[in-house]
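Colleague: One structure is given below, represented as structure tokens, and several questions about it will come after.
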Amino acid sequence: MLQILHNPRCGKSRNCLAFLDDSKAEYEIRNYIQNPLSEEELKIVIKKLNIKPIELVRQKEIIWIEHFKGKTLSDSEVIKALAQYPILIERPIIIKGNVAIIGRELEKVEKFL
């Protein structure tokens, strides 16, 4: 079963869910805005994505620009920022076992399934 880290206010995230529904994929949703990920959970997700923590950051978000832009942050500091401000997390994230993708492009989601 897939797990989707979802923000219902995000069009890309909603489109991904619609695509998964059309594909008859089974999944469970975690609204990570209402139910934020801990730093430890973020570390696990980042490992499954096989990316650096900064690659998970939505760097055009106002919170990022006002609080973090231009600063040199360690991976640990980036993860702390993502845990504190979950709106900064790229979405949606689709997790299948030990691997995950950021499902912004439906073609990428289709290949992942």
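A note on labels: chains of the structure tokens are A, B, ... as shown, every chain counts residues from 1, and ligands are counted from 1 in their shown order.
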Write out as a ChimeraX atom specification each polymer residue whose atoms come within 10 Å of Lys60 of chain A, counting only C-alpha atoms; drop sequence neighbours fewer than 3 positions from it.

Modeller: /A:57,63-65,69,88

Colleague: What's around segment 31-43 of chain A at 8 Å? Count only C-alpha atoms, leave out sequence neighbours fewer than 5 positions away in its own chain, and write the answer as a compact mmCIF listing (two decimals) with all heavy atoms, in the first residue's frame.

Modeller:
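Listing of around11.txt after writing:
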# COMPACT_ATOMS: atom_id res chain seq x y z
N LEU A 5 2.02 11.66 1.44
CA LEU A 5 2.13 12.83 2.31
C LEU A 5 1.52 13.97 1.51
O LEU A 5 2.05 14.39 0.48
CB LEU A 5 3.59 13.09 2.67
CG LEU A 5 4.29 11.94 3.39
CD1 LEU A 5 5.73 12.31 3.71
CD2 LEU A 5 3.55 11.57 4.66
N HIS A 6 0.38 14.44 1.98
CA HIS A 6 -0.54 15.26 1.19
C HIS A 6 -0.86 16.57 1.89
O HIS A 6 -1.02 16.61 3.11
CB HIS A 6 -1.81 14.45 0.98
CG HIS A 6 -2.96 15.17 0.34
ND1 HIS A 6 -2.90 15.65 -0.95
CD2 HIS A 6 -4.19 15.46 0.80
CE1 HIS A 6 -4.08 16.21 -1.24
NE2 HIS A 6 -4.86 16.12 -0.19
N ASN A 7 -0.93 17.63 1.10
CA ASN A 7 -1.45 18.91 1.56
C ASN A 7 -2.69 19.21 0.72
O ASN A 7 -2.57 19.48 -0.48
CB ASN A 7 -0.40 20.02 1.39
CG ASN A 7 -0.91 21.39 1.80
OD1 ASN A 7 -2.10 21.58 2.04
ND2 ASN A 7 -0.02 22.34 1.87
N PRO A 8 -3.88 19.15 1.31
CA PRO A 8 -5.11 19.32 0.52
C PRO A 8 -5.24 20.69 -0.13
O PRO A 8 -6.02 20.85 -1.07
CB PRO A 8 -6.23 19.07 1.52
CG PRO A 8 -5.61 19.06 2.87
CD PRO A 8 -4.15 18.85 2.71
N ILE A 79 16.29 20.04 8.34
CA ILE A 79 15.27 19.10 8.83
C ILE A 79 14.48 19.72 9.98
O ILE A 79 13.26 19.59 10.04
CB ILE A 79 15.92 17.76 9.22
CG1 ILE A 79 16.40 17.04 7.95
CG2 ILE A 79 14.96 16.88 10.01
CD1 ILE A 79 17.31 15.86 8.19
N LYS A 80 15.15 20.41 10.87
CA LYS A 80 14.45 21.11 11.97
C LYS A 80 13.47 22.14 11.42
O LYS A 80 12.34 22.25 11.91
CB LYS A 80 15.45 21.80 12.90
CG LYS A 80 16.20 20.89 13.83
CD LYS A 80 17.12 21.69 14.74
CE LYS A 80 18.10 20.86 15.49
NZ LYS A 80 17.58 19.84 16.34
N LEU A 82 11.98 22.07 8.47
CA LEU A 82 10.87 21.34 7.86
C LEU A 82 9.91 20.81 8.92
O LEU A 82 8.69 20.82 8.72
CB LEU A 82 11.39 20.20 7.00
CG LEU A 82 12.15 20.59 5.73
CD1 LEU A 82 12.83 19.38 5.12
CD2 LEU A 82 11.23 21.26 4.73
N ALA A 83 10.45 20.35 10.04
CA ALA A 83 9.60 19.85 11.12
C ALA A 83 8.81 21.00 11.76
O ALA A 83 7.63 20.85 12.10
CB ALA A 83 10.44 19.14 12.17
N PRO A 86 5.94 22.71 8.42
CA PRO A 86 5.68 21.67 7.42
C PRO A 86 5.22 22.21 6.06
O PRO A 86 5.35 21.52 5.05
CB PRO A 86 4.60 20.80 8.08
CG PRO A 86 4.09 21.57 9.23
CD PRO A 86 5.13 22.55 9.62
N ILE A 87 4.74 23.45 6.00
CA ILE A 87 4.35 24.05 4.73
C ILE A 87 5.54 24.11 3.77
O ILE A 87 5.38 24.19 2.56
CB ILE A 87 3.72 25.45 4.95
CG1 ILE A 87 3.00 25.93 3.69
CG2 ILE A 87 4.76 26.47 5.36
CD1 ILE A 87 1.71 25.26 3.44

Colleague: Would you please work out which residue, of A:Ile89, A:Cys10, A:Val109, A:Ala18, is nearest to Glu61 of chain A when using only C-alpha atoms?

Modeller: A:Ile89

Colleague: Mind pulling up the distance from atom CA of Val99 of chain A to atom CA of Ser74 of chain A?

Modeller: 23.6 Å

Colleague: Enumerate, as a ChimeraX atom specification, the complete set of residues in chain A that a backbone-based DSSP assignment places in helix (DSSP H, G or I).

Modeller: /A:11-22,39-49,53-56,62-67,75-84,86-88,106-112

Colleague: Write a file of the just-selected residues containing C-alpha atoms, as a CSV table (one decimal), in the first residue's frame.

Modeller:
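Output file out_15.csv follows:
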chain,number,residue,atom,x,y,z
A,11,GLY,CA,-3.2,21.6,-6.5
A,12,LYS,CA,-0.3,19.3,-7.5
A,13,SER,CA,-1.1,17.1,-4.4
A,14,ARG,CA,-4.8,17.0,-5.3
A,15,ASN,CA,-4.0,16.1,-8.9
A,16,CYS,CA,-1.8,13.3,-7.8
A,17,LEU,CA,-4.6,11.9,-5.6
A,18,ALA,CA,-7.0,12.1,-8.5
A,19,PHE,CA,-4.4,10.3,-10.7
A,20,LEU,CA,-4.0,7.6,-8.1
A,21,ASP,CA,-7.8,7.2,-7.9
A,22,ASP,CA,-8.0,6.8,-11.7
A,39,GLU,CA,12.5,15.2,12.6
A,40,GLU,CA,13.1,11.4,12.7
A,41,GLU,CA,10.3,10.7,10.3
A,42,LEU,CA,11.6,13.4,8.0
A,43,LYS,CA,15.1,11.8,8.0
A,44,ILE,CA,13.5,8.5,7.0
A,45,VAL,CA,11.5,10.1,4.2
A,46,ILE,CA,14.6,12.0,2.9
A,47,LYS,CA,16.5,8.7,2.9
A,48,LYS,CA,13.7,7.0,0.9
A,49,LEU,CA,13.7,9.9,-1.5
A,53,PRO,CA,17.3,17.7,2.9
A,54,ILE,CA,17.5,21.1,1.1
A,55,GLU,CA,16.0,19.4,-2.0
A,56,LEU,CA,12.8,18.8,0.0
A,62,ILE,CA,7.4,33.2,2.4
A,63,ILE,CA,8.5,31.4,5.6
A,64,TRP,CA,11.7,30.2,3.9
A,65,ILE,CA,12.5,33.6,2.4
A,66,GLU,CA,11.9,35.5,5.6
A,67,HIS,CA,13.6,33.1,8.0
A,75,ASP,CA,21.2,19.1,6.9
A,76,SER,CA,20.1,18.9,10.5
A,77,GLU,CA,19.0,22.6,10.6
A,78,VAL,CA,17.1,22.1,7.3
A,79,ILE,CA,15.3,19.1,8.8
A,80,LYS,CA,14.5,21.1,12.0
A,81,ALA,CA,13.0,23.9,9.8
A,82,LEU,CA,10.9,21.3,7.9
A,83,ALA,CA,9.6,19.9,11.1
A,84,GLN,CA,8.8,23.3,12.5
A,86,PRO,CA,5.7,21.7,7.4
A,87,ILE,CA,4.3,24.0,4.7
A,88,LEU,CA,8.0,24.1,3.5
A,106,LEU,CA,2.1,12.7,-13.1
A,107,GLU,CA,4.4,10.9,-15.6
A,108,LYS,CA,6.9,10.3,-12.7
A,109,VAL,CA,4.0,9.0,-10.6
A,110,GLU,CA,2.9,6.7,-13.3
A,111,LYS,CA,6.4,5.2,-13.7
A,112,PHE,CA,6.7,4.9,-9.9

Colleague: Can you list, as a list in words, all residues belonging to segment 32-100 of chain A that DSSP tags as strand (DSSP E or B)?

Modeller: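 Taking segment 32-100 of chain A and keeping strand (DSSP E or B) only, one gets Val57, Ile89, Ile93, Ile94, Ile95, Lys96, Val99 and Ala100 of chain A.
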
Colleague: Could you work out how far atom CA of Ile95 of chain A lies from atom CA of Leu2 of chain A, giving the answer in Å with one decimal?

Modeller: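 Calculated distance between atom CA of Leu2 of chain A and atom CA of Ile95 of chain A is 5.6 Å.
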
Colleague: Would you mind reading off the distance between atom CA of Tyr85 of chain A and atom CA of Arg58 of chain A, one decimal, in Å?

Modeller: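 Going from atom CA of Tyr85 of chain A over to atom CA of Arg58 of chain A, I get 10.7 Å.
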
Colleague: Which is closest to Gln3 of chain A among A:Gly70, A:Tyr27, A:Ile51, A:Ala100, if we use only C-alpha atoms?

Modeller: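 Going through A:Gly70, A:Tyr27, A:Ile51, A:Ala100 one by one, the smallest distance to Gln3 of chain A is for A:Tyr27.
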
Colleague: Restricting the calculation to only C-alpha atoms, which member of A:Arg30, A:Gln59, A:Phe68, A:Met1 is positioned closest to Leu113 of chain A?

Modeller: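 Counting only C-alpha atoms, the residue closest to Leu113 of chain A is A:Met1.
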